[in-house]
>>> print(open('upload.pdb').read())   # PDB, C-alpha atoms
MODEL        1
ATOM      1  CA  MET A   1       8.884 -39.025  43.392
ATOM      2  CA  ILE A   2       7.033 -36.815  45.919
ATOM      3  CA  THR A   3       7.877 -36.296  49.599
ATOM      4  CA  LEU A   4       4.756 -35.178  51.439
ATOM      5  CA  ASN A   5       4.648 -32.208  53.811
ATOM      6  CA  THR A   6       4.937 -33.506  57.398
ATOM      7  CA  SER A   7       4.782 -31.989  60.875
ATOM      8  CA  ILE A   8       7.086 -33.348  63.557
ATOM      9  CA  PRO A   9       6.653 -32.289  67.211
ATOM     10  CA  ASN A  10       9.823 -31.186  69.018
ATOM     11  CA  TYR A  11      10.588 -30.999  72.691
ATOM     12  CA  ASN A  12       9.041 -27.557  73.031
ATOM     13  CA  ASN A  13       5.691 -28.834  71.725
ATOM     14  CA  ARG A  14       6.178 -26.735  68.598
ATOM     15  CA  TYR A  15       5.899 -28.114  65.101
ATOM     16  CA  LYS A  16       8.635 -28.073  62.562
ATOM     17  CA  ASN A  17       7.216 -27.955  59.003
ATOM     18  CA  TYR A  18       8.876 -29.529  56.038
ATOM     19  CA  ASN A  19       8.029 -28.428  52.517
ATOM     20  CA  PRO A  20       7.291 -31.137  49.972
ATOM     21  CA  SER A  21      10.031 -31.923  47.498
ATOM     22  CA  PHE A  22       9.468 -33.083  43.936
ATOM     23  CA  ASN A  23      11.978 -35.223  42.108
ATOM     24  CA  GLY A  24      11.030 -36.024  38.546
ATOM     25  CA  GLY A  25      11.948 -39.394  37.203
ATOM     26  CA  SER A  26      14.876 -39.209  34.824
ATOM     27  CA  VAL A  27      14.247 -39.831  31.122
ATOM     28  CA  PRO A  28      16.431 -42.594  29.765
ATOM     29  CA  LYS A  29      19.187 -41.219  27.554
ATOM     30  CA  GLN A  30      19.366 -44.405  25.530
ATOM     31  CA  SER A  31      16.262 -46.095  24.240
ATOM     32  CA  ALA A  32      15.953 -48.718  21.539
ATOM     33  CA  PHE A  33      12.558 -47.257  20.649
ATOM     34  CA  LEU A  34      13.503 -43.549  20.653
ATOM     35  CA  ASN A  35      17.002 -43.784  19.187
ATOM     36  CA  PRO A  36      15.871 -44.096  15.512
ATOM     37  CA  PHE A  37      13.691 -40.993  15.878
ATOM     38  CA  LYS A  38      16.486 -39.102  17.608
ATOM     39  CA  LYS A  39      18.975 -39.983  14.878
ATOM     40  CA  SER A  40      16.521 -39.011  12.132
ATOM     41  CA  PHE A  41      15.779 -35.687  13.817
ATOM     42  CA  ASP A  42      19.503 -34.975  14.265
ATOM     43  CA  LYS A  43      20.131 -35.662  10.580
ATOM     44  CA  LEU A  44      17.227 -33.403   9.616
ATOM     45  CA  THR A  45      18.414 -30.470  11.732
ATOM     46  CA  ASP A  46      22.008 -30.935  10.564
ATOM     47  CA  GLY A  47      20.840 -30.935   6.959
ATOM     48  CA  ILE A  48      18.797 -27.761   7.455
ATOM     49  CA  ALA A  49      21.738 -26.033   9.131
ATOM     50  CA  LYS A  50      24.212 -27.133   6.446
ATOM     51  CA  TYR A  51      22.236 -26.785   3.234
ATOM     52  CA  TYR A  52      19.689 -24.079   4.072
ATOM     53  CA  TYR A  53      20.409 -21.910   7.112
ATOM     54  CA  GLY A  54      24.173 -21.732   6.610
ATOM     55  CA  PRO A  55      24.150 -20.684   2.938
ATOM     56  CA  LEU A  56      21.222 -18.362   3.578
ATOM     57  CA  MET A  57      22.887 -16.448   6.401
ATOM     58  CA  SER A  58      26.217 -16.216   4.567
ATOM     59  CA  SER A  59      24.728 -15.171   1.231
ATOM     60  CA  LYS A  60      25.286 -11.756  -0.315
ATOM     61  CA  VAL A  61      21.540 -11.126  -0.368
ATOM     62  CA  THR A  62      21.242 -11.652   3.393
ATOM     63  CA  ASN A  63      24.242  -9.436   4.033
ATOM     64  CA  TRP A  64      22.746  -6.748   1.794
ATOM     65  CA  LEU A  65      19.394  -6.948   3.566
ATOM     66  CA  PHE A  66      21.037  -6.774   6.985
ATOM     67  CA  HIS A  67      22.704  -3.468   6.163
ATOM     68  CA  ARG A  68      19.615  -1.868   4.644
ATOM     69  CA  ASN A  69      17.936   0.873   6.652
ATOM     70  CA  ASP A  70      14.604   0.385   4.863
ATOM     71  CA  ILE A  71      14.297  -3.335   5.505
ATOM     72  CA  GLY A  72      10.606  -2.903   6.374
ATOM     73  CA  ARG A  73       9.915  -1.709   2.822
ATOM     74  CA  ILE A  74      11.860  -4.666   1.423
ATOM     75  CA  VAL A  75       9.726  -7.044   3.488
ATOM     76  CA  ASP A  76       6.664  -5.317   1.985
ATOM     77  CA  HIS A  77       7.914  -6.130  -1.517
ATOM     78  CA  MET A  78       8.776  -9.709  -0.552
ATOM     79  CA  GLN A  79       5.309 -10.325   0.886
ATOM     80  CA  ALA A  80       3.629  -8.813  -2.167
ATOM     81  CA  LEU A  81       5.767 -10.928  -4.482
ATOM     82  CA  GLY A  82       4.983 -14.082  -2.535
ATOM     83  CA  SER A  83       1.271 -13.305  -2.615
ATOM     84  CA  TYR A  84       1.374 -12.777  -6.386
ATOM     85  CA  VAL A  85       3.106 -16.123  -6.881
ATOM     86  CA  ILE A  86       0.633 -17.997  -4.661
ATOM     87  CA  SER A  87      -2.442 -16.267  -6.096
ATOM     88  CA  GLY A  88      -1.149 -16.830  -9.628
ATOM     89  CA  MET A  89      -0.897 -20.550  -8.901
ATOM     90  CA  TYR A  90      -4.455 -20.585  -7.517
ATOM     91  CA  MET A  91      -5.786 -18.751 -10.577
ATOM     92  CA  THR A  92      -3.982 -21.123 -12.931
ATOM     93  CA  GLN A  93      -5.301 -24.194 -11.133
ATOM     94  CA  THR A  94      -8.813 -22.725 -11.129
ATOM     95  CA  LEU A  95      -8.776 -22.134 -14.890
ATOM     96  CA  ARG A  96      -7.394 -25.643 -15.471
ATOM     97  CA  ASN A  97     -10.060 -27.324 -13.358
ATOM     98  CA  LYS A  98     -12.018 -29.564 -15.734
ATOM     99  CA  ASP A  99     -14.664 -30.419 -13.140
ATOM    100  CA  MET A 100     -15.872 -26.822 -12.796
ATOM    101  CA  ASP A 101     -18.343 -24.912 -14.915
ATOM    102  CA  GLU A 102     -16.684 -22.522 -17.364
ATOM    103  CA  ASP A 103     -18.466 -19.418 -16.082
ATOM    104  CA  ARG A 104     -17.699 -20.406 -12.491
ATOM    105  CA  LYS A 105     -14.002 -20.816 -13.296
ATOM    106  CA  ILE A 106     -13.806 -17.386 -14.890
ATOM    107  CA  THR A 107     -15.684 -15.780 -11.989
ATOM    108  CA  LEU A 108     -13.382 -17.351  -9.397
ATOM    109  CA  ALA A 109     -10.234 -16.435 -11.341
ATOM    110  CA  ILE A 110     -11.393 -12.815 -11.681
ATOM    111  CA  ASN A 111     -12.320 -12.821  -8.006
ATOM    112  CA  GLN A 112      -8.848 -14.017  -6.994
ATOM    113  CA  GLY A 113      -7.077 -11.553  -9.285
ATOM    114  CA  LEU A 114      -9.089  -8.503  -8.226
ATOM    115  CA  THR A 115      -8.782  -9.424  -4.542
ATOM    116  CA  LEU A 116      -5.009  -9.709  -4.919
ATOM    117  CA  VAL A 117      -4.646  -6.363  -6.693
ATOM    118  CA  ALA A 118      -6.940  -4.504  -4.289
ATOM    119  CA  SER A 119      -5.347  -6.069  -1.189
ATOM    120  CA  THR A 120      -1.852  -5.210  -2.407
ATOM    121  CA  ALA A 121      -2.786  -1.590  -3.103
ATOM    122  CA  ILE A 122      -4.452  -1.235   0.310
ATOM    123  CA  ALA A 123      -1.502  -2.860   2.111
ATOM    124  CA  TYR A 124       1.020  -0.540   0.453
ATOM    125  CA  LEU A 125      -1.151   2.492   1.185
ATOM    126  CA  VAL A 126      -1.545   1.617   4.857
ATOM    127  CA  SER A 127       2.162   0.801   5.179
ATOM    128  CA  GLU A 128       3.125   4.138   3.625
ATOM    129  CA  ARG A 129       0.716   6.096   5.812
ATOM    130  CA  LEU A 130       1.979   4.434   8.990
ATOM    131  CA  VAL A 131       5.670   5.194   8.436
ATOM    132  CA  GLY A 132       5.549   8.576  10.180
ATOM    133  CA  PRO A 133       3.312   7.612  13.135
ATOM    134  CA  TRP A 134       5.183   4.321  13.604
ATOM    135  CA  ASN A 135       8.595   6.032  13.707
ATOM    136  CA  LYS A 136       7.305   8.709  16.078
ATOM    137  CA  HIS A 137       5.243   6.686  18.511
ATOM    138  CA  VAL A 138       6.958   3.281  18.382
ATOM    139  CA  SER A 139      10.549   3.367  17.108
ATOM    140  CA  MET A 140      11.470   6.722  18.649
ATOM    141  CA  LYS A 141       9.995   5.911  22.058
ATOM    142  CA  TYR A 142      11.560   2.455  22.073
ATOM    143  CA  ALA A 143      15.005   3.815  21.160
ATOM    144  CA  ALA A 144      14.757   6.648  23.698
ATOM    145  CA  ASN A 145      13.871   4.175  26.427
ATOM    146  CA  LYS A 146      16.811   1.938  25.555
ATOM    147  CA  LEU A 147      19.190   4.929  25.405
ATOM    148  CA  GLU A 148      17.794   6.234  28.713
ATOM    149  CA  THR A 149      16.885   9.610  27.292
ATOM    150  CA  THR A 150      13.757  11.486  26.245
ATOM    151  CA  THR A 151      12.124  11.341  22.837
ATOM    152  CA  GLU A 152      12.594  15.102  22.494
ATOM    153  CA  LYS A 153      16.342  14.849  23.114
ATOM    154  CA  LEU A 154      16.664  11.902  20.751
ATOM    155  CA  ALA A 155      14.740  13.796  18.077
ATOM    156  CA  GLN A 156      17.122  16.739  18.458
ATOM    157  CA  ASN A 157      20.150  14.462  18.122
ATOM    158  CA  LEU A 158      18.628  12.844  15.038
ATOM    159  CA  LYS A 159      17.986  16.242  13.445
ATOM    160  CA  LYS A 160      21.546  17.310  14.162
ATOM    161  CA  HIS A 161      22.833  14.087  12.602
ATOM    162  CA  GLN A 162      20.695  14.686   9.518
ATOM    163  CA  GLU A 163      22.110  18.190   9.105
ATOM    164  CA  GLU A 164      25.669  16.876   9.389
ATOM    165  CA  ILE A 165      25.047  14.170   6.774
ATOM    166  CA  LYS A 166      23.369  16.726   4.539
ATOM    167  CA  LYS A 167      26.396  19.046   4.757
ATOM    168  CA  LEU A 168      28.777  16.190   3.945
ATOM    169  CA  TYR A 169      26.642  15.251   0.955
ATOM    170  CA  MET A 170      26.602  18.816  -0.361
ATOM    171  CA  ASP A 171      30.379  19.025  -0.042
ATOM    172  CA  LYS A 172      30.841  15.811  -2.020
ATOM    173  CA  HIS A 173      28.097  16.481  -4.569
ATOM    174  CA  PRO A 174      28.021  20.202  -5.388
ATOM    175  CA  GLU A 175      26.351  19.383  -8.712
ATOM    176  CA  ASP A 176      23.203  18.250  -6.859
ATOM    177  CA  ALA A 177      22.323  21.672  -5.456
ATOM    178  CA  ASP A 178      18.613  20.788  -5.224
ATOM    179  CA  LEU A 179      19.375  17.611  -3.236
ATOM    180  CA  LYS A 180      17.273  15.528  -5.601
ATOM    181  CA  LYS A 181      19.399  12.432  -4.971
ATOM    182  CA  PHE A 182      19.926  13.075  -1.280
ATOM    183  CA  LYS A 183      18.262  10.607   1.075
ATOM    184  CA  LYS A 184      17.626  11.916   4.564
ATOM    185  CA  PRO A 185      19.079   9.509   7.152
ATOM    186  CA  ASN A 186      16.600   7.922   9.510
ATOM    187  CA  LEU A 187      16.854   6.841  13.128
ATOM    188  CA  VAL A 188      18.506   3.526  12.221
ATOM    189  CA  HIS A 189      21.215   5.395  10.292
ATOM    190  CA  TYR A 190      21.816   7.643  13.298
ATOM    191  CA  LEU A 191      22.158   4.672  15.629
ATOM    192  CA  GLU A 192      24.591   2.888  13.297
ATOM    193  CA  GLU A 193      26.638   5.731  11.855
ATOM    194  CA  GLY A 194      26.111   8.389  14.502
ATOM    195  CA  ILE A 195      26.644   6.596  17.809
ATOM    196  CA  GLY A 196      27.605   3.076  16.703
ATOM    197  CA  ASN A 197      24.796   1.307  18.560
ATOM    198  CA  PHE A 198      24.355  -1.553  16.093
ATOM    199  CA  ASP A 199      22.437  -3.745  18.522
ATOM    200  CA  LEU A 200      19.669  -1.186  19.012
ATOM    201  CA  ALA A 201      19.629  -0.449  15.276
ATOM    202  CA  LYS A 202      19.075  -4.145  14.613
ATOM    203  CA  LYS A 203      16.153  -4.168  17.036
ATOM    204  CA  LEU A 204      14.568  -1.182  15.293
ATOM    205  CA  LYS A 205      14.889  -3.025  11.986
ATOM    206  CA  GLY A 206      13.069  -5.901  13.624
ATOM    207  CA  LEU A 207      10.277  -3.520  14.639
ATOM    208  CA  ASP A 208       9.976  -2.365  11.019
ATOM    209  CA  VAL A 209       9.742  -5.984   9.892
ATOM    210  CA  LEU A 210       7.060  -6.588  12.518
ATOM    211  CA  LYS A 211       5.092  -3.592  11.213
ATOM    212  CA  SER A 212       5.285  -4.897   7.671
ATOM    213  CA  LEU A 213       4.213  -8.402   8.661
ATOM    214  CA  LEU A 214       1.273  -7.111  10.701
ATOM    215  CA  ILE A 215      -0.016  -4.804   7.958
ATOM    216  CA  PHE A 216       0.342  -7.115   4.970
ATOM    217  CA  GLY A 217      -0.704 -10.190   6.940
ATOM    218  CA  SER A 218      -3.841  -8.454   8.220
ATOM    219  CA  VAL A 219      -4.819  -7.112   4.801
ATOM    220  CA  TYR A 220      -4.117 -10.317   2.856
ATOM    221  CA  ARG A 221      -5.576 -12.721   5.406
ATOM    222  CA  PHE A 222      -8.436 -10.757   6.988
ATOM    223  CA  PHE A 223      -9.367  -7.468   5.311
ATOM    224  CA  GLY A 224      -9.016  -8.747   1.763
ATOM    225  CA  PRO A 225     -11.207 -11.851   2.091
ATOM    226  CA  VAL A 226     -13.843 -10.029   4.157
ATOM    227  CA  ALA A 227     -14.089  -6.633   2.443
ATOM    228  CA  VAL A 228     -12.660  -7.062  -1.048
ATOM    229  CA  THR A 229     -13.937 -10.512  -2.040
ATOM    230  CA  PRO A 230     -17.660  -9.564  -2.235
ATOM    231  CA  VAL A 231     -16.867  -6.613  -4.513
ATOM    232  CA  ALA A 232     -14.529  -8.745  -6.626
ATOM    233  CA  THR A 233     -17.180 -11.455  -6.899
ATOM    234  CA  TRP A 234     -19.778  -8.898  -8.023
ATOM    235  CA  LEU A 235     -17.393  -7.535 -10.663
ATOM    236  CA  GLY A 236     -16.562 -11.059 -11.816
ATOM    237  CA  ASN A 237     -20.229 -11.961 -12.142
ATOM    238  CA  MET A 238     -20.878  -8.726 -14.002
ATOM    239  CA  ILE A 239     -18.022  -9.363 -16.430
ATOM    240  CA  THR A 240     -18.981 -12.978 -17.078
ATOM    241  CA  GLY A 241     -22.641 -11.939 -17.385
ATOM    242  CA  ALA A 242     -21.680  -9.332 -20.001
ATOM    243  CA  ASN A 243     -19.616 -11.917 -21.843
ATOM    244  CA  LYS A 244     -22.515 -14.355 -21.758
ATOM    245  CA  LYS A 245     -24.888 -11.726 -23.173
ATOM    246  CA  GLN A 246     -22.410 -10.942 -25.937
ATOM    247  CA  ALA A 247     -22.082 -14.639 -26.719
ATOM    248  CA  GLN A 248     -25.871 -15.062 -26.802
ATOM    249  CA  GLN A 249     -26.258 -12.005 -29.043
ATOM    250  CA  ALA A 250     -23.565 -13.276 -31.377
ATOM    251  CA  LYS A 251     -25.285 -16.667 -31.459
ATOM    252  CA  LYS A 252     -28.617 -15.034 -32.330
ATOM    253  CA  THR A 253     -26.977 -12.968 -35.078
ATOM    254  CA  GLU A 254     -25.323 -16.061 -36.463
ATOM    255  CA  ALA A 255     -28.621 -17.954 -36.362
ATOM    256  CA  SER A 256     -30.402 -15.102 -38.174
ATOM    257  CA  ALA A 257     -27.715 -14.964 -40.840
ATOM    258  CA  GLN A 258     -27.948 -18.720 -41.273
ATOM    259  CA  ALA A 259     -31.738 -18.537 -41.589
ATOM    260  CA  VAL A 260     -31.463 -15.843 -44.268
ATOM    261  CA  ASN A 261     -28.877 -17.918 -46.092
ATOM    262  CA  ASP A 262     -31.062 -21.051 -45.918
ATOM    263  CA  PHE A 263     -34.070 -19.116 -47.186
ATOM    264  CA  ALA A 264     -32.005 -17.750 -50.065
ATOM    265  CA  ASN A 265     -30.825 -21.249 -50.985
ATOM    266  CA  ILE A 266     -34.427 -22.483 -51.054
ATOM    267  CA  ALA A 267     -35.917 -19.460 -52.815
ATOM    268  CA  ARG A 268     -33.223 -19.066 -55.457
ATOM    269  CA  PRO A 269     -34.178 -22.199 -57.498
ATOM    270  CA  GLN A 270     -37.864 -21.364 -57.239
ATOM    271  CA  LEU A 271     -37.238 -17.821 -58.390
ATOM    272  CA  ALA A 272     -35.097 -19.068 -61.293
ATOM    273  CA  LYS A 273     -37.848 -21.541 -62.284
ATOM    274  CA  PHE A 274     -40.472 -18.789 -62.124
ATOM    275  CA  LEU A 275     -38.379 -16.544 -64.335
ATOM    276  CA  GLY A 276     -37.863 -19.406 -66.788
ATOM    277  CA  LYS A 277     -34.148 -19.644 -66.230
TER     278      LYS A 277
ENDMDL
END
>>> encode(input="upload.pdb", output="structure tokens")
Amino acid sequence: MITLNTSIPNYNNRYKNYNPSFNGGSVPKQSAFLNPFKKSFDKLTDGIAKYYYGPLMSSKVTNWLFHRNDIGRIVDHMQALGSYVISGMYMTQTLRNKDMDEDRKITLAINQGLTLVASTAIAYLVSERLVGPWNKHVSMKYAANKLETTTEKLAQNLKKHQEEIKKLYMDKHPEDADLKKFKKPNLVHYLEEGIGNFDLAKKLKGLDVLKSLLIFGSVYRFFGPVAVTPVATWLGNMITGANKKQAQQAKKTEASAQAVNDFANIARPQLAKFLGK
């Protein structure tokens, strides 16, 4: 329902303006038509919460992931694993396709495999190279802003925390004088163990996950198909072409051997007759 803007003259010949008001019609809470859908949706969401989300969030794996400081690297591995599973299924279905030419099947399977391997290597390389710049220009600045301090001051506090953890490690592990097993604590470790700011540490972990998703998603979905696929297709065609040449050469050799054998079978009786045997 809409009440229009009106102007009403008063006794001083001045106009008093009224703003329009909007009152939306109420949606019926009970509907014979919508109730079945509502009940089905409620059952679906309850089932997801009970049998999927609940066990997932309370599982040991989730708890272990939550407390990891290198969760971005774990997401890298998870994305790579998922891509290998999906690409493996595509390759298997391609090779099993009975409606496709044999050479075409092999070319496509090689294409998919090479694209997967190259994309994975590129994604890991980019992810590794971006760790330092990402921590410096994204995570550090974000944390400093949330802590209301400067990046320089936060960097100093992080370095001090690292030295303290290093000293504690050396006291507990004097046998590891070269610090081969020592892992330098990062900014997330400082936030959790140094100042107890678990909320900000969780947000930084989310930024690392975002970085991983952006890199691997971009490489697998955009860079790989555009840049890697043509090269993989060329290699696949070259390999199948080489195999075809080998098969043709083997067929020619077999045909030549068969011709020699046939000639020998024909000539042998004639030769024996000529020699009087």
>>> resolve_selection(input="upload.pdb", expression="the PyMOL selection byres ((chain A and resi 172-188) around 7)", output="PDB file with C-alpha atoms, keeping the file's coordinate frame")
ATOM      1  CA  ASN A  69      17.936   0.873   6.652  1.00  0.00           C
ATOM      2  CA  LEU A 158      18.628  12.844  15.038  1.00  0.00           C
ATOM      3  CA  GLN A 162      20.695  14.686   9.518  1.00  0.00           C
ATOM      4  CA  LEU A 168      28.777  16.190   3.945  1.00  0.00           C
ATOM      5  CA  TYR A 169      26.642  15.251   0.955  1.00  0.00           C
ATOM      6  CA  MET A 170      26.602  18.816  -0.361  1.00  0.00           C
ATOM      7  CA  ASP A 171      30.379  19.025  -0.042  1.00  0.00           C
ATOM      8  CA  HIS A 189      21.215   5.395  10.292  1.00  0.00           C
ATOM      9  CA  TYR A 190      21.816   7.643  13.298  1.00  0.00           C
ATOM     10  CA  LEU A 191      22.158   4.672  15.629  1.00  0.00           C
ATOM     11  CA  GLU A 192      24.591   2.888  13.297  1.00  0.00           C
ATOM     12  CA  ALA A 201      19.629  -0.449  15.276  1.00  0.00           C
ATOM     13  CA  LEU A 204      14.568  -1.182  15.293  1.00  0.00           C
TER      14      LEU A 204
END
>>> residues_around(input="upload.pdb", residues="range 235-241 of chain A", least_positions_apart="3", cutoff="6 Å", atoms="only C-alpha atoms", output="ChimeraX atom specification")
/A:107,110-111,232,244
>>> write_last_selection(input="upload.pdb", atoms="C-alpha atoms", output="mmCIF file, in the coordinates of the input")
data_model
loop_
_atom_site.group_PDB
_atom_site.id
_atom_site.type_symbol
_atom_site.label_atom_id
_atom_site.label_comp_id
_atom_site.auth_asym_id
_atom_site.auth_seq_id
_atom_site.Cartn_x
_atom_site.Cartn_y
_atom_site.Cartn_z
ATOM 1 C CA THR A 107 -15.684 -15.780 -11.989
ATOM 2 C CA ILE A 110 -11.393 -12.815 -11.681
ATOM 3 C CA ASN A 111 -12.320 -12.821 -8.006
ATOM 4 C CA ALA A 232 -14.529 -8.745 -6.626
ATOM 5 C CA LYS A 244 -22.515 -14.355 -21.758
#
>>> residues_around(input="upload.pdb", residues="Gly132 in chain A", least_positions_apart="6", cutoff="12 Å", atoms="only C-alpha atoms", output="list in words")
Val126, Val138, Ser139, Met140, Asn186, Leu187 and Asp208 of chain A
>>> resolve_selection(input="upload.pdb", expression="the PyMOL selection byres ((chain A and resi 79-96) around 7)", output="number ranges by chain")
A: 75-78, 97-98, 105-106, 109, 112, 120
>>> resolve_selection(input="upload.pdb", expression="the PyMOL selection byres ((chain A and resi 213-218) around 12)", output="PyMOL selection string")
chain A and resi 71-83+116+119-131+134+206-212+219-227
>>> atom_distance(input="upload.pdb", atom1="CA of Asp199 in chain A", atom2="CA of Thr45 in chain A")
27.9 Å
>>> atom_distance(input="upload.pdb", atom1="CA of Lys146 in chain A", atom2="CA of Leu200 in chain A")
7.8 Å
>>> atom_distance(input="upload.pdb", atom1="CA of Lys160 in chain A", atom2="CA of Ala144 in chain A")
15.8 Å
>>> axis_aligned_box(input="upload.pdb", around="range 140-143 of chain A", padding_each_side="5 Å", output="AutoDock Vina command-line options")
--center_x 12.5 --center_y 4.6 --center_z 20.4 --size_x 15.0 --size_y 14.3 --size_z 13.4
>>> closest_residue(input="upload.pdb", among="A:Leu44, A:Pro36, A:Glu102, A:Asn135", to="Lys205 in chain A", atoms="only C-alpha atoms")
A:Asn135
>>> build_atoms(input="upload.pdb", residues="range 202-213 of chain A", atoms="N, CA, C and O atoms", output="PDB file, in the frame of the given file")
ATOM      1  N   LYS A 202      19.606  -2.857  15.071  1.00  0.00           N
ATOM      2  CA  LYS A 202      19.075  -4.145  14.613  1.00  0.00           C
ATOM      3  C   LYS A 202      17.694  -4.399  15.189  1.00  0.00           C
ATOM      4  O   LYS A 202      16.811  -4.924  14.497  1.00  0.00           O
ATOM      5  N   LYS A 203      17.466  -3.990  16.423  1.00  0.00           N
ATOM      6  CA  LYS A 203      16.153  -4.168  17.036  1.00  0.00           C
ATOM      7  C   LYS A 203      15.104  -3.277  16.369  1.00  0.00           C
ATOM      8  O   LYS A 203      13.950  -3.684  16.192  1.00  0.00           O
ATOM      9  N   LEU A 204      15.503  -2.060  15.987  1.00  0.00           N
ATOM     10  CA  LEU A 204      14.568  -1.182  15.293  1.00  0.00           C
ATOM     11  C   LEU A 204      14.209  -1.745  13.920  1.00  0.00           C
ATOM     12  O   LEU A 204      13.071  -1.612  13.459  1.00  0.00           O
ATOM     13  N   LYS A 205      15.189  -2.367  13.263  1.00  0.00           N
ATOM     14  CA  LYS A 205      14.889  -3.025  11.986  1.00  0.00           C
ATOM     15  C   LYS A 205      13.880  -4.150  12.203  1.00  0.00           C
ATOM     16  O   LYS A 205      12.994  -4.372  11.371  1.00  0.00           O
ATOM     17  N   GLY A 206      14.027  -4.847  13.305  1.00  0.00           N
ATOM     18  CA  GLY A 206      13.069  -5.901  13.624  1.00  0.00           C
ATOM     19  C   GLY A 206      11.667  -5.349  13.848  1.00  0.00           C
ATOM     20  O   GLY A 206      10.673  -5.966  13.445  1.00  0.00           O
ATOM     21  N   LEU A 207      11.577  -4.154  14.461  1.00  0.00           N
ATOM     22  CA  LEU A 207      10.277  -3.520  14.639  1.00  0.00           C
ATOM     23  C   LEU A 207       9.656  -3.158  13.293  1.00  0.00           C
ATOM     24  O   LEU A 207       8.444  -3.296  13.097  1.00  0.00           O
ATOM     25  N   ASP A 208      10.485  -2.687  12.351  1.00  0.00           N
ATOM     26  CA  ASP A 208       9.976  -2.365  11.019  1.00  0.00           C
ATOM     27  C   ASP A 208       9.471  -3.616  10.301  1.00  0.00           C
ATOM     28  O   ASP A 208       8.461  -3.580   9.593  1.00  0.00           O
ATOM     29  N   VAL A 209      10.190  -4.721  10.480  1.00  0.00           N
ATOM     30  CA  VAL A 209       9.742  -5.984   9.892  1.00  0.00           C
ATOM     31  C   VAL A 209       8.413  -6.412  10.512  1.00  0.00           C
ATOM     32  O   VAL A 209       7.502  -6.873   9.811  1.00  0.00           O
ATOM     33  N   LEU A 210       8.306  -6.248  11.828  1.00  0.00           N
ATOM     34  CA  LEU A 210       7.060  -6.588  12.518  1.00  0.00           C
ATOM     35  C   LEU A 210       5.906  -5.755  11.973  1.00  0.00           C
ATOM     36  O   LEU A 210       4.799  -6.278  11.738  1.00  0.00           O
ATOM     37  N   LYS A 211       6.130  -4.470  11.767  1.00  0.00           N
ATOM     38  CA  LYS A 211       5.092  -3.592  11.213  1.00  0.00           C
ATOM     39  C   LYS A 211       4.643  -4.089   9.844  1.00  0.00           C
ATOM     40  O   LYS A 211       3.445  -4.180   9.563  1.00  0.00           O
ATOM     41  N   SER A 212       5.598  -4.419   9.007  1.00  0.00           N
ATOM     42  CA  SER A 212       5.285  -4.897   7.671  1.00  0.00           C
ATOM     43  C   SER A 212       4.491  -6.192   7.719  1.00  0.00           C
ATOM     44  O   SER A 212       3.489  -6.350   7.009  1.00  0.00           O
ATOM     45  N   LEU A 213       4.909  -7.120   8.557  1.00  0.00           N
ATOM     46  CA  LEU A 213       4.213  -8.402   8.661  1.00  0.00           C
ATOM     47  C   LEU A 213       2.785  -8.223   9.176  1.00  0.00           C
ATOM     48  O   LEU A 213       1.855  -8.873   8.687  1.00  0.00           O
TER      49      LEU A 213
END
